[in-house]
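J.: Got a file for you: query-v9.csv, CSV, C-alpha atoms.
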chain,number,residue,atom,x,y,z
O,3,MET,CA,-37.5,-82.3,-53.8
O,4,PRO,CA,-34.9,-82.7,-50.9
O,5,LEU,CA,-31.3,-82.4,-51.9
O,6,HIS,CA,-29.7,-85.5,-50.4
O,7,LEU,CA,-26.3,-85.5,-52.2
O,8,PRO,CA,-25.1,-81.9,-52.3
O,9,ALA,CA,-22.3,-81.4,-54.9
O,10,THR,CA,-21.5,-77.7,-54.7
O,11,ALA,CA,-21.4,-74.8,-52.3
O,12,ALA,CA,-24.7,-73.6,-53.8
O,13,ASP,CA,-26.3,-76.9,-52.9
O,14,LEU,CA,-25.0,-76.7,-49.3
O,15,ARG,CA,-26.4,-73.2,-49.1
O,16,LEU,CA,-29.9,-74.5,-49.9
O,17,ARG,CA,-29.6,-77.2,-47.3
O,18,ALA,CA,-28.4,-74.7,-44.7
O,19,GLN,CA,-31.4,-72.4,-45.6
O,20,ALA,CA,-33.7,-75.3,-45.0
O,21,ARG,CA,-32.2,-76.1,-41.6
O,22,LEU,CA,-31.4,-72.8,-40.0
O,23,PRO,CA,-33.8,-70.3,-38.4
O,24,ARG,CA,-34.2,-67.4,-40.9
O,25,PHE,CA,-32.5,-64.8,-38.7
O,26,LEU,CA,-29.3,-67.0,-38.5
O,27,PHE,CA,-29.3,-68.0,-42.1
O,28,ASP,CA,-29.6,-64.3,-43.2
O,29,TYR,CA,-27.0,-63.3,-40.7
O,30,VAL,CA,-24.4,-65.5,-42.5
O,31,ASP,CA,-25.8,-65.2,-46.0
O,32,GLY,CA,-26.4,-61.4,-46.1
O,33,GLY,CA,-24.2,-58.4,-46.9
O,34,ALA,CA,-24.2,-54.7,-46.5
O,35,THR,CA,-27.2,-52.5,-47.7
O,36,ASP,CA,-28.1,-53.5,-51.3
O,37,GLU,CA,-25.5,-56.4,-51.4
O,38,GLN,CA,-23.8,-55.2,-54.6
O,39,THR,CA,-20.4,-56.1,-53.4
O,40,LEU,CA,-21.6,-59.4,-52.0
O,41,ARG,CA,-22.8,-60.4,-55.5
O,42,ALA,CA,-19.7,-58.9,-57.2
O,43,ASN,CA,-17.4,-61.0,-55.0
O,44,GLU,CA,-18.7,-64.2,-56.4
O,45,ALA,CA,-19.4,-63.1,-60.0
O,46,ASP,CA,-16.0,-61.7,-60.6
O,47,TRP,CA,-14.2,-65.0,-60.0
O,48,ALA,CA,-16.3,-66.5,-62.7
O,49,ARG,CA,-15.0,-63.9,-65.1
O,50,VAL,CA,-11.4,-65.1,-64.6
O,51,THR,CA,-10.7,-67.3,-67.6
O,52,LEU,CA,-8.1,-70.1,-67.3
O,53,ARG,CA,-5.7,-71.4,-69.9
O,54,GLN,CA,-6.1,-75.1,-70.6
O,55,ARG,CA,-3.0,-77.0,-71.7
O,56,VAL,CA,-2.4,-80.4,-73.2
O,57,LEU,CA,0.4,-83.0,-73.6
O,58,ILE,CA,2.2,-81.9,-70.5
O,59,ASP,CA,3.5,-84.4,-68.0
O,60,VAL,CA,1.2,-83.8,-65.0
O,61,ASP,CA,1.8,-87.0,-63.1
O,62,GLY,CA,2.0,-86.4,-59.4
O,63,VAL,CA,0.0,-83.2,-59.1
O,64,ASP,CA,0.5,-81.9,-55.5
O,65,THR,CA,-1.9,-79.5,-53.8
O,66,ARG,CA,0.2,-79.1,-50.7
O,67,THR,CA,1.6,-75.8,-49.6
O,68,THR,CA,2.5,-73.7,-46.5
O,69,LEU,CA,0.3,-70.9,-45.1
O,70,ALA,CA,1.6,-68.7,-42.3
O,71,GLY,CA,4.3,-71.2,-41.7
O,72,GLN,CA,1.9,-74.1,-41.3
O,73,PRO,CA,1.9,-77.1,-43.7
O,74,CYS,CA,-1.5,-77.5,-45.5
O,75,SER,CA,-2.9,-80.1,-47.8
O,76,LEU,CA,-4.2,-77.3,-50.0
O,77,PRO,CA,-3.8,-73.5,-50.0
O,78,LEU,CA,-6.9,-72.8,-48.0
O,79,ALA,CA,-7.9,-71.9,-44.5
O,80,LEU,CA,-11.3,-71.6,-42.8
O,81,ALA,CA,-12.1,-67.9,-42.2
O,82,PRO,CA,-13.4,-66.6,-38.9
O,83,ILE,CA,-17.1,-66.5,-38.7
O,84,GLY,CA,-19.0,-64.9,-35.7
O,85,LEU,CA,-21.8,-67.0,-34.2
O,86,ALA,CA,-20.6,-70.1,-36.1
O,87,GLY,CA,-21.2,-72.2,-33.0
O,88,LEU,CA,-25.0,-71.7,-33.6
O,89,MET,CA,-25.0,-73.1,-37.1
O,90,ALA,CA,-24.6,-76.6,-35.7
O,91,ARG,CA,-24.2,-78.1,-32.2
O,92,ARG,CA,-20.9,-76.7,-30.9
O,93,GLY,CA,-20.2,-75.7,-34.5
O,94,GLU,CA,-16.7,-74.3,-34.2
O,95,VAL,CA,-15.5,-77.5,-32.6
O,96,GLN,CA,-17.0,-79.6,-35.4
O,97,ALA,CA,-15.5,-77.3,-38.1
O,98,ALA,CA,-12.1,-77.4,-36.5
O,99,ARG,CA,-12.1,-81.2,-36.4
O,100,ALA,CA,-13.0,-81.2,-40.1
O,101,ALA,CA,-10.3,-78.8,-41.0
O,102,GLU,CA,-7.7,-80.9,-39.1
O,103,ALA,CA,-8.9,-84.1,-40.7
O,104,VAL,CA,-8.3,-82.6,-44.2
O,105,GLY,CA,-5.1,-80.7,-43.2
O,106,VAL,CA,-6.0,-77.0,-43.4
O,107,PRO,CA,-6.1,-74.3,-40.7
O,108,PHE,CA,-9.2,-73.3,-38.8
O,109,THR,CA,-9.6,-69.7,-37.6
O,110,LEU,CA,-11.8,-69.0,-34.5
O,111,SER,CA,-13.6,-65.6,-34.3
O,112,THR,CA,-13.3,-63.4,-31.3
O,113,VAL,CA,-17.1,-63.6,-31.3
O,114,GLY,CA,-17.4,-67.3,-31.7
O,115,ILE,CA,-19.6,-69.3,-29.5
O,116,CYS,CA,-17.1,-71.9,-28.4
O,117,PRO,CA,-14.1,-70.6,-26.5
O,118,LEU,CA,-10.6,-71.2,-27.9
O,119,GLY,CA,-9.8,-73.7,-25.2
O,120,GLU,CA,-12.7,-75.9,-26.1
O,121,VAL,CA,-11.8,-75.8,-29.7
O,122,GLN,CA,-8.1,-76.4,-29.2
O,123,ARG,CA,-8.8,-79.4,-26.9
O,124,ALA,CA,-10.7,-81.0,-29.8
O,125,VAL,CA,-7.8,-80.9,-32.2
O,126,VAL,CA,-4.0,-81.4,-32.2
O,127,ARG,CA,-2.9,-78.7,-34.7
O,128,PRO,CA,-2.8,-75.2,-33.4
O,129,THR,CA,-5.9,-73.1,-34.2
O,130,TRP,CA,-5.6,-69.6,-35.7
O,131,PHE,CA,-7.4,-66.9,-33.7
O,132,GLN,CA,-9.0,-63.8,-35.1
O,133,LEU,CA,-8.9,-60.5,-33.2
O,134,TYR,CA,-10.9,-57.3,-33.3
O,135,MET,CA,-9.3,-54.2,-31.8
O,136,LEU,CA,-11.6,-53.1,-29.0
O,137,ARG,CA,-11.6,-49.7,-27.2
O,138,ASP,CA,-10.8,-51.6,-24.0
O,139,ARG,CA,-7.2,-52.5,-24.6
O,140,GLY,CA,-7.1,-54.5,-21.4
O,141,ILE,CA,-9.6,-57.0,-22.9
O,142,VAL,CA,-7.5,-57.2,-26.0
O,143,GLU,CA,-4.4,-58.0,-24.0
O,144,ALA,CA,-6.2,-60.6,-22.0
O,145,LEU,CA,-7.4,-62.2,-25.3
O,146,LEU,CA,-3.9,-62.3,-26.7
O,147,GLN,CA,-2.5,-63.8,-23.5
O,148,ARG,CA,-5.2,-66.5,-23.4
O,149,ALA,CA,-4.7,-67.3,-27.1
O,150,TRP,CA,-1.0,-67.8,-26.6
O,151,ALA,CA,-1.6,-69.9,-23.5
O,152,GLU,CA,-3.9,-72.2,-25.5
O,153,GLY,CA,-1.1,-72.8,-28.0
O,154,CYS,CA,-2.3,-70.4,-30.8
O,155,ARG,CA,0.6,-69.0,-32.7
O,156,THR,CA,-1.2,-67.3,-35.7
O,157,LEU,CA,-3.2,-64.2,-35.1
O,158,VAL,CA,-5.6,-62.8,-37.8
O,159,PHE,CA,-6.2,-59.2,-37.0
O,160,THR,CA,-9.3,-57.7,-38.7
O,161,VAL,CA,-8.7,-54.1,-39.7
O,162,ASP,CA,-11.8,-53.2,-41.7
O,163,LEU,CA,-14.3,-52.9,-38.8
O,164,PRO,CA,-14.0,-49.5,-37.2
O,165,THR,CA,-17.8,-49.8,-37.0
O,166,SER,CA,-20.4,-52.3,-38.1
O,167,GLY,CA,-21.8,-52.1,-41.6
O,168,MET,CA,-25.5,-51.7,-42.2
O,169,ARG,CA,-27.1,-55.0,-43.1
O,170,HIS,CA,-30.7,-54.8,-44.1
O,171,ARG,CA,-31.5,-58.5,-43.7
O,172,ASP,CA,-30.5,-58.2,-40.0
O,173,THR,CA,-32.8,-55.2,-39.6
O,174,ARG,CA,-35.7,-57.0,-41.2
O,175,ASN,CA,-35.2,-60.0,-38.9
O,176,GLY,CA,-35.3,-57.8,-35.8
O,177,LEU,CA,-31.6,-57.9,-34.8
O,178,SER,CA,-31.6,-54.1,-34.3
O,179,ALA,CA,-35.2,-53.8,-33.0
O,180,SER,CA,-36.3,-53.5,-29.4
O,181,ARG,CA,-35.6,-56.7,-27.4
O,182,SER,CA,-39.3,-57.5,-27.1
O,183,ARG,CA,-40.0,-57.2,-30.8
O,184,ALA,CA,-36.9,-59.0,-31.8
O,185,ALA,CA,-37.8,-61.9,-29.5
O,186,LEU,CA,-41.2,-62.2,-31.2
O,187,ILE,CA,-39.6,-62.3,-34.6
O,188,LYS,CA,-37.0,-64.8,-33.6
O,189,ALA,CA,-39.6,-67.0,-31.9
O,190,ALA,CA,-41.6,-67.1,-35.2
O,191,HIS,CA,-38.5,-68.2,-37.0
O,192,LEU,CA,-37.6,-70.8,-34.4
O,193,LEU,CA,-41.1,-72.4,-34.7
O,194,THR,CA,-40.3,-73.4,-38.3
O,195,ARG,CA,-37.1,-75.1,-37.3
O,196,PRO,CA,-37.8,-77.5,-34.4
O,197,GLY,CA,-34.9,-79.7,-35.4
O,198,TRP,CA,-32.4,-76.9,-34.9
O,199,VAL,CA,-34.1,-75.8,-31.7
O,200,TRP,CA,-33.6,-79.3,-30.1
O,201,ASP,CA,-30.1,-80.1,-31.5
O,202,VAL,CA,-28.5,-76.7,-31.3
O,203,GLY,CA,-30.8,-74.6,-29.1
O,204,VAL,CA,-31.1,-77.2,-26.3
O,205,LEU,CA,-28.3,-79.7,-26.7
O,206,GLY,CA,-25.8,-77.2,-27.9
O,207,LYS,CA,-25.7,-74.9,-24.9
O,208,PRO,CA,-24.0,-72.8,-23.6
O,209,HIS,CA,-24.6,-70.1,-26.2
O,210,GLY,CA,-22.5,-67.2,-24.9
O,211,PHE,CA,-19.5,-65.6,-26.5
O,212,GLY,CA,-17.0,-68.0,-25.0
O,213,ASN,CA,-13.8,-66.0,-25.7
O,214,LEU,CA,-15.1,-63.0,-23.9
O,215,SER,CA,-16.9,-64.7,-21.0
O,216,GLU,CA,-14.3,-63.7,-18.4
O,217,GLN,CA,-13.9,-60.1,-19.5
O,218,VAL,CA,-17.4,-59.0,-20.5
O,219,PRO,CA,-20.3,-59.1,-18.0
O,220,HIS,CA,-22.9,-59.7,-20.7
O,221,ALA,CA,-21.1,-62.3,-22.8
O,222,GLN,CA,-23.8,-64.9,-22.0
O,223,ASP,CA,-26.6,-62.6,-23.1
O,224,MET,CA,-26.5,-62.1,-26.8
O,225,ASP,CA,-28.7,-59.0,-27.1
O,226,ALA,CA,-26.8,-57.3,-24.3
O,227,PHE,CA,-23.5,-58.4,-25.7
O,228,LYS,CA,-24.4,-57.0,-29.1
O,229,ALA,CA,-25.2,-53.6,-27.6
O,230,TRP,CA,-21.9,-53.7,-25.7
O,231,VAL,CA,-19.7,-54.8,-28.6
O,232,ASP,CA,-21.2,-52.1,-30.9
O,233,THR,CA,-19.7,-49.5,-28.5
O,234,GLN,CA,-16.4,-51.3,-28.4
O,235,PHE,CA,-15.4,-51.3,-32.1
O,236,ASP,CA,-12.7,-48.6,-32.2
O,237,PRO,CA,-12.7,-46.0,-35.0
O,238,THR,CA,-9.5,-44.5,-33.7
O,239,VAL,CA,-7.3,-47.5,-34.7
O,240,THR,CA,-4.3,-46.5,-36.9
O,241,TRP,CA,-1.1,-48.1,-38.2
O,242,ALA,CA,0.4,-47.2,-34.8
O,243,ASP,CA,-1.8,-49.9,-33.2
O,244,ILE,CA,-0.2,-52.5,-35.5
O,245,ASP,CA,3.1,-51.7,-33.7
O,246,TRP,CA,1.3,-51.9,-30.4
O,247,LEU,CA,0.0,-55.3,-31.3
O,248,ARG,CA,3.3,-56.5,-32.7
O,249,GLU,CA,4.9,-55.8,-29.4
O,250,ARG,CA,2.4,-58.0,-27.6
O,251,TRP,CA,2.2,-60.9,-30.0
O,252,GLY,CA,5.2,-63.1,-30.5
O,253,GLY,CA,3.7,-65.3,-33.2
O,254,THR,CA,2.6,-64.9,-36.8
O,255,LEU,CA,0.5,-61.9,-37.5
O,256,LEU,CA,-1.9,-61.6,-40.5
O,257,LEU,CA,-3.8,-58.4,-41.3
O,258,LYS,CA,-7.3,-59.1,-42.7
O,259,GLY,CA,-9.3,-56.5,-44.6
O,260,LEU,CA,-6.9,-54.9,-47.1
O,261,LEU,CA,-8.6,-53.6,-50.4
O,262,ASP,CA,-6.3,-50.7,-51.4
O,263,GLU,CA,-2.8,-51.0,-53.0
O,264,GLY,CA,-1.5,-48.1,-50.9
O,265,ASP,CA,-2.7,-49.7,-47.7
O,266,ALA,CA,-1.2,-53.0,-48.8
O,267,ARG,CA,2.2,-51.4,-49.4
O,268,THR,CA,2.0,-49.8,-45.9
O,269,ALA,CA,1.0,-53.1,-44.4
O,270,ALA,CA,3.9,-55.0,-46.1
O,271,GLY,CA,6.3,-52.7,-44.3
O,272,THR,CA,4.9,-53.1,-40.8
O,273,GLY,CA,6.6,-56.4,-40.0
O,274,VAL,CA,3.6,-58.6,-40.4
O,275,GLN,CA,3.9,-62.0,-42.0
O,276,GLY,CA,0.9,-61.8,-44.3
O,277,LEU,CA,-2.2,-59.9,-45.3
O,278,ILE,CA,-5.6,-60.9,-46.5
O,279,VAL,CA,-7.3,-59.1,-49.4
O,280,SER,CA,-10.8,-58.8,-48.1
O,281,ASN,CA,-13.9,-56.6,-48.1
O,282,HIS,CA,-15.4,-58.5,-45.1
O,283,GLY,CA,-17.4,-60.7,-47.5
O,284,GLY,CA,-19.4,-57.6,-48.7
O,285,ARG,CA,-20.7,-57.0,-45.2
O,286,GLN,CA,-19.1,-53.6,-44.5
O,287,LEU,CA,-19.2,-51.0,-47.2
O,288,ASP,CA,-21.4,-51.8,-50.2
O,289,GLY,CA,-20.2,-50.6,-53.6
O,290,VAL,CA,-16.5,-51.3,-53.0
O,291,ALA,CA,-14.6,-53.5,-55.5
O,292,SER,CA,-14.6,-57.2,-55.4
O,293,THR,CA,-11.6,-59.0,-54.0
O,294,ALA,CA,-10.9,-60.8,-57.3
O,295,SER,CA,-10.6,-57.4,-59.1
O,296,LYS,CA,-8.2,-55.9,-56.4
O,297,LEU,CA,-6.0,-59.0,-55.8
O,298,PRO,CA,-3.6,-58.7,-58.8
O,299,GLY,CA,-2.6,-55.1,-58.0
O,300,ILE,CA,-2.3,-55.7,-54.3
O,301,ALA,CA,-0.2,-58.8,-54.9
O,302,ARG,CA,2.2,-56.8,-57.1
O,303,ALA,CA,2.4,-53.9,-54.6
O,304,VAL,CA,3.2,-56.2,-51.7
O,305,LYS,CA,5.9,-58.1,-53.7
O,306,ALA,CA,7.6,-54.8,-54.6
O,307,VAL,CA,7.8,-53.9,-50.9
O,308,ASN,CA,8.5,-57.2,-49.2
O,309,PRO,CA,8.3,-60.5,-51.2
O,310,GLY,CA,8.3,-62.4,-47.9
O,311,VAL,CA,4.8,-61.2,-47.0
O,312,GLN,CA,2.2,-63.8,-47.9
O,313,VAL,CA,-0.9,-62.5,-49.7
O,314,LEU,CA,-4.1,-64.4,-49.1
O,315,VAL,CA,-7.6,-63.5,-50.3
O,316,ASP,CA,-11.3,-64.2,-49.3
O,317,GLY,CA,-14.7,-63.2,-50.6
O,318,GLY,CA,-16.9,-65.1,-53.1
O,319,ILE,CA,-14.7,-68.2,-53.5
O,320,ARG,CA,-17.0,-71.1,-54.2
O,321,SER,CA,-15.0,-73.9,-55.6
O,322,GLY,CA,-11.6,-75.5,-56.0
O,323,VAL,CA,-11.4,-73.9,-59.4
O,324,ASP,CA,-11.9,-70.5,-57.7
O,325,VAL,CA,-8.9,-71.4,-55.5
O,326,PHE,CA,-6.8,-72.0,-58.6
O,327,ARG,CA,-8.0,-68.6,-60.0
O,328,ALA,CA,-6.9,-66.8,-56.9
O,329,LEU,CA,-3.5,-68.3,-57.1
O,330,ALA,CA,-3.2,-67.4,-60.7
O,331,LEU,CA,-4.1,-63.8,-59.9
O,332,GLY,CA,-1.2,-63.6,-57.3
O,333,ALA,CA,-2.4,-65.0,-54.0
O,334,GLN,CA,-0.6,-67.7,-52.1
O,335,GLY,CA,-3.8,-69.0,-50.5
O,336,VAL,CA,-7.4,-68.3,-49.8
O,337,LEU,CA,-9.8,-68.2,-46.8
O,338,ILE,CA,-13.4,-69.3,-47.2
O,339,GLY,CA,-16.3,-68.3,-44.9
O,340,ARG,CA,-19.9,-68.9,-46.1
O,341,PRO,CA,-19.2,-72.2,-47.8
O,342,TRP,CA,-17.9,-73.9,-44.7
O,343,VAL,CA,-20.7,-72.5,-42.6
O,344,TRP,CA,-23.3,-73.7,-45.1
O,345,ALA,CA,-21.6,-77.1,-45.0
O,346,LEU,CA,-21.6,-77.1,-41.2
O,347,ALA,CA,-25.3,-76.2,-41.0
O,348,ALA,CA,-26.2,-78.7,-43.7
O,349,ASP,CA,-24.3,-81.8,-42.4
O,350,GLY,CA,-22.1,-80.9,-39.5
O,351,GLU,CA,-18.5,-82.0,-39.3
O,352,ARG,CA,-19.0,-84.5,-42.1
O,353,GLY,CA,-20.3,-81.7,-44.4
O,354,VAL,CA,-17.3,-79.5,-43.9
O,355,THR,CA,-14.9,-82.5,-44.4
O,356,GLU,CA,-16.6,-83.5,-47.6
O,357,LEU,CA,-16.6,-79.9,-48.9
O,358,LEU,CA,-12.9,-79.5,-48.3
O,359,GLN,CA,-12.1,-82.9,-49.9
O,360,ARG,CA,-14.2,-82.0,-52.9
O,361,TRP,CA,-12.5,-78.7,-53.3
O,362,GLN,CA,-9.1,-80.4,-53.1
O,363,HIS,CA,-10.1,-82.7,-55.9
O,364,GLU,CA,-11.4,-79.8,-57.9
O,365,LEU,CA,-8.1,-77.9,-57.4
O,366,LYS,CA,-6.1,-81.0,-58.4
O,367,LEU,CA,-8.2,-81.4,-61.5
O,368,ALA,CA,-7.7,-77.7,-62.5
O,369,MET,CA,-4.0,-78.0,-62.0
O,370,THR,CA,-3.9,-81.2,-64.1
O,371,LEU,CA,-5.8,-79.6,-67.0
O,372,ALA,CA,-3.8,-76.4,-66.8
O,373,GLY,CA,-0.5,-78.3,-67.0
O,374,VAL,CA,0.9,-77.5,-63.5
O,375,ARG,CA,2.1,-79.9,-60.8
O,376,ARG,CA,2.9,-77.6,-57.9
O,377,VAL,CA,0.9,-74.9,-56.1
O,378,ALA,CA,3.9,-72.6,-56.1
O,379,ASP,CA,4.1,-72.7,-59.9
O,380,ILE,CA,0.5,-71.4,-60.5
O,381,GLY,CA,0.6,-67.9,-61.8
O,382,ALA,CA,-0.4,-65.4,-64.5
O,383,ALA,CA,0.8,-67.8,-67.2
O,384,HIS,CA,-2.2,-70.0,-66.4
O,385,LEU,CA,-4.7,-67.2,-67.3
O,386,ALA,CA,-6.1,-67.0,-70.8
Show me, as structure tokens, the structure contained in the file I just sent.
T.:
Amino acid sequence: MPLHLPATAADLRLRAQARLPRFLFDYVDGGATDEQTLRANEADWARVTLRQRVLIDVDGVDTRTTLAGQPCSLPLALAPIGLAGLMARRGEVQAARAAEAVGVPFTLSTVGICPLGEVQRAVVRPTWFQLYMLRDRGIVEALLQRAWAEGCRTLVFTVDLPTSGMRHRDTRNGLSASRSRAALIKAAHLLTRPGWVWDVGVLGKPHGFGNLSEQVPHAQDMDAFKAWVDTQFDPTVTWADIDWLRERWGGTLLLKGLLDEGDARTAAGTGVQGLIVSNHGGRQLDGVASTASKLPGIARAVKAVNPGVQVLVDGGIRSGVDVFRALALGAQGVLIGRPWVWALAADGERGVTELLQRWQHELKLAMTLAGVRRVADIGAAHLA
């Protein structure tokens, strides 16, 4: 029976699965190897028990806050997702519009389909930009200069990708097979999704990696680009490169991919404005801890070094109640990835807007029943 009125992220996932070619759905939905960490990310939020309170004046509950110096309607930003522009026609543009309509930041991936200029022209608020450190530092510097010229002032630097994780779903779908074999597998998947082929595959062109189109010769050929980018992830990156980056970026800098308290303490002393507790959505090293389990210790470690550094978290967050749980465990905000992509694939800009509005309502309800009126007041006292 078709699901006409999705109410949850899980509902949107089912709609996305029904609309996307399998290789694209699995690219977003899947994780590394046996996907243990992918499952733990979601399950461990459900184990965080909240403390319900009664007979407290909760008139005027306010979900507003500030993330990376930017006012937000709720403590949430859309995480960077590679290839998001293929999940709907010019997908990153639609998602950025939805984020702006609700009042939260949108983060564009280095390997997004729509270039930053196209996305930024569609909105008024500055977009956040996510950066990978590539072996070719000249390309990195060009990306930084373009992002700044387009008005971006918040840079999300991903630190947990010295090399790509092994993702078995991608292997099964031919993403690492020979080009001829991969083409046959993709063609079979596309035949089952004629609506996507017309709306995104035909009307949604161009399909290159827009942010790299001027620097990379193969940026319009996805197979060739993948082969190139796999050689560009840099395993030699160290903390010294954070200093190098800090010298070239005059805006806010967030480090994404921290999962160790020692690393978090080091990060808090590097002059960055924030860090994101993340295991790349379970897409890198399978078997590592969930972000929910690591968040409290990292939050304490960062506070001890530099209380001014914001701690954000991603991974497995599936509702406004999970947002409340993250704040109670010590985060100042969250990033979400798969839920907004599922919503985008399911219903485009409207789907993302409705998802964010629903989560804001869920967060407000959780705050009301927990007896707290301001986001800044949510803490460990609200855990059972």
J.: Leaving out range 354-367 of chain O and any residue of its chain fewer than 4 positions from it, which residues lie within 8 Å of it when counting only C-alpha atoms, given as a PyMOL selection string?
T.: chain O and resi 10-11+63-65+76+97+100-101+103-104+321-323+325-326+342-343+345-346+349-350+371
J.: Write a file of the just-selected residues containing C-alpha atoms, as an mmCIF file, in the frame of the given file.
T.:
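Writing done, so here's out_9.cif:
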data_model
loop_
_atom_site.group_PDB
_atom_site.id
_atom_site.type_symbol
_atom_site.label_atom_id
_atom_site.label_comp_id
_atom_site.auth_asym_id
_atom_site.auth_seq_id
_atom_site.Cartn_x
_atom_site.Cartn_y
_atom_site.Cartn_z
ATOM 1 C CA THR O 10 -21.500 -77.700 -54.700
ATOM 2 C CA ALA O 11 -21.400 -74.800 -52.300
ATOM 3 C CA VAL O 63 0.000 -83.200 -59.100
ATOM 4 C CA ASP O 64 0.500 -81.900 -55.500
ATOM 5 C CA THR O 65 -1.900 -79.500 -53.800
ATOM 6 C CA LEU O 76 -4.200 -77.300 -50.000
ATOM 7 C CA ALA O 97 -15.500 -77.300 -38.100
ATOM 8 C CA ALA O 100 -13.000 -81.200 -40.100
ATOM 9 C CA ALA O 101 -10.300 -78.800 -41.000
ATOM 10 C CA ALA O 103 -8.900 -84.100 -40.700
ATOM 11 C CA VAL O 104 -8.300 -82.600 -44.200
ATOM 12 C CA SER O 321 -15.000 -73.900 -55.600
ATOM 13 C CA GLY O 322 -11.600 -75.500 -56.000
ATOM 14 C CA VAL O 323 -11.400 -73.900 -59.400
ATOM 15 C CA VAL O 325 -8.900 -71.400 -55.500
ATOM 16 C CA PHE O 326 -6.800 -72.000 -58.600
ATOM 17 C CA TRP O 342 -17.900 -73.900 -44.700
ATOM 18 C CA VAL O 343 -20.700 -72.500 -42.600
ATOM 19 C CA ALA O 345 -21.600 -77.100 -45.000
ATOM 20 C CA LEU O 346 -21.600 -77.100 -41.200
ATOM 21 C CA ASP O 349 -24.300 -81.800 -42.400
ATOM 22 C CA GLY O 350 -22.100 -80.900 -39.500
ATOM 23 C CA LEU O 371 -5.800 -79.600 -67.000
#
J.: I'd like the interatomic distance between CA of Arg250 in chain O and CA of Leu157 in chain O, to a tenth of an Å.
T.: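 Rounded to one decimal, the two atoms are 11.2 Å apart.
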J.: Which polymer residues have any atom within 10 Å of an atom of Asp245 in chain O, counting only C-alpha atoms, with same-chain residues fewer than 5 positions away left out, as number ranges by chain?
T.: O: 240, 250-251, 272-274
J.: Measuring atom to atom with only C-alpha atoms, identify which of O:Arg183, O:Ile58, O:Asp31, O:Leu85 is nearest to Leu16 in chain O.
T.: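 Between O:Arg183, O:Ile58, O:Asp31, O:Leu85, the residue approaching Leu16 in chain O most closely is O:Asp31.
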J.: Between CA of Gly153 in chain O and CA of Gly206 in chain O, what is the distance, to one decimal in Å?
T.: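 About the pair CA of Gly153 in chain O and CA of Gly206 in chain O: they are 25.1 Å apart.
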J.: As an exercise, work out the distance from CA of Val126 in chain O to CA of Leu214 in chain O in Å and give it to one decimal place.
T.: 23.0 Å
J.: Residues at most 12 Å from Arg340 in chain O, counting only C-alpha atoms, excluding those fewer than 2 positions away in the same chain, as a compact mmCIF listing (two decimals) with C-alpha atoms, in the frame of the given file?
T.:
# COMPACT_ATOMS: atom_id res chain seq x y z
CA ALA O 11 -21.40 -74.80 -52.30
CA ALA O 12 -24.70 -73.60 -53.80
CA LEU O 14 -25.00 -76.70 -49.30
CA ARG O 15 -26.40 -73.20 -49.10
CA ALA O 18 -28.40 -74.70 -44.70
CA PHE O 27 -29.30 -68.00 -42.10
CA ASP O 28 -29.60 -64.30 -43.20
CA TYR O 29 -27.00 -63.30 -40.70
CA VAL O 30 -24.40 -65.50 -42.50
CA ASP O 31 -25.80 -65.20 -46.00
CA GLY O 32 -26.40 -61.40 -46.10
CA GLY O 33 -24.20 -58.40 -46.90
CA LEU O 40 -21.60 -59.40 -52.00
CA GLU O 44 -18.70 -64.20 -56.40
CA LEU O 80 -11.30 -71.60 -42.80
CA ALA O 81 -12.10 -67.90 -42.20
CA PRO O 82 -13.40 -66.60 -38.90
CA ILE O 83 -17.10 -66.50 -38.70
CA GLY O 84 -19.00 -64.90 -35.70
CA ALA O 86 -20.60 -70.10 -36.10
CA MET O 89 -25.00 -73.10 -37.10
CA HIS O 282 -15.40 -58.50 -45.10
CA GLY O 283 -17.40 -60.70 -47.50
CA GLY O 284 -19.40 -57.60 -48.70
CA ARG O 285 -20.70 -57.00 -45.20
CA ASP O 316 -11.30 -64.20 -49.30
CA GLY O 317 -14.70 -63.20 -50.60
CA GLY O 318 -16.90 -65.10 -53.10
CA ILE O 319 -14.70 -68.20 -53.50
CA ARG O 320 -17.00 -71.10 -54.20
CA SER O 321 -15.00 -73.90 -55.60
CA LEU O 337 -9.80 -68.20 -46.80
CA ILE O 338 -13.40 -69.30 -47.20
CA TRP O 342 -17.90 -73.90 -44.70
CA VAL O 343 -20.70 -72.50 -42.60
CA TRP O 344 -23.30 -73.70 -45.10
CA ALA O 345 -21.60 -77.10 -45.00
CA LEU O 346 -21.60 -77.10 -41.20
CA ALA O 347 -25.30 -76.20 -41.00
CA ALA O 348 -26.20 -78.70 -43.70
CA VAL O 354 -17.30 -79.50 -43.90
CA LEU O 357 -16.60 -79.90 -48.90
J.: Quick one: everything within 12 Å of range 308-312 of chain O, counting all atoms listed in the file, minus sequence neighbours fewer than 5 positions away in the same chain. Send it as JSON, numbers by chain.
T.: {"O": [68, 69, 70, 71, 77, 254, 255, 256, 257, 258, 266, 267, 268, 269, 270, 271, 272, 273, 274, 275, 276, 277, 278, 279, 300, 301, 302, 303, 329, 332, 333, 334, 335, 336]}
J.: Check the smallest atom-to-atom distance from each of O:Thr39, O:Ala45, O:His384, O:Phe25 to Thr173 in chain O using all atoms listed in the file, then report the winner.
T.: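 Residue with the minimum atom-to-atom distance to Thr173 in chain O: O:Phe25.
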J.: Show which residues sit within 8 Å of Pro23 in chain O, as a ChimeraX atom specification. Count only C-alpha atoms, and ignore same-chain residues fewer than 2 positions away.
T.: /O:19,21,25-27,188,191-192,194-195,198
J.: Which residue gives the smallest distance to Ala382 in chain O among O:Arg155, O:Trp246, O:Leu331, O:Gly339, with only C-alpha atoms counted?
T.: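 Nearest to Ala382 in chain O: O:Leu331.
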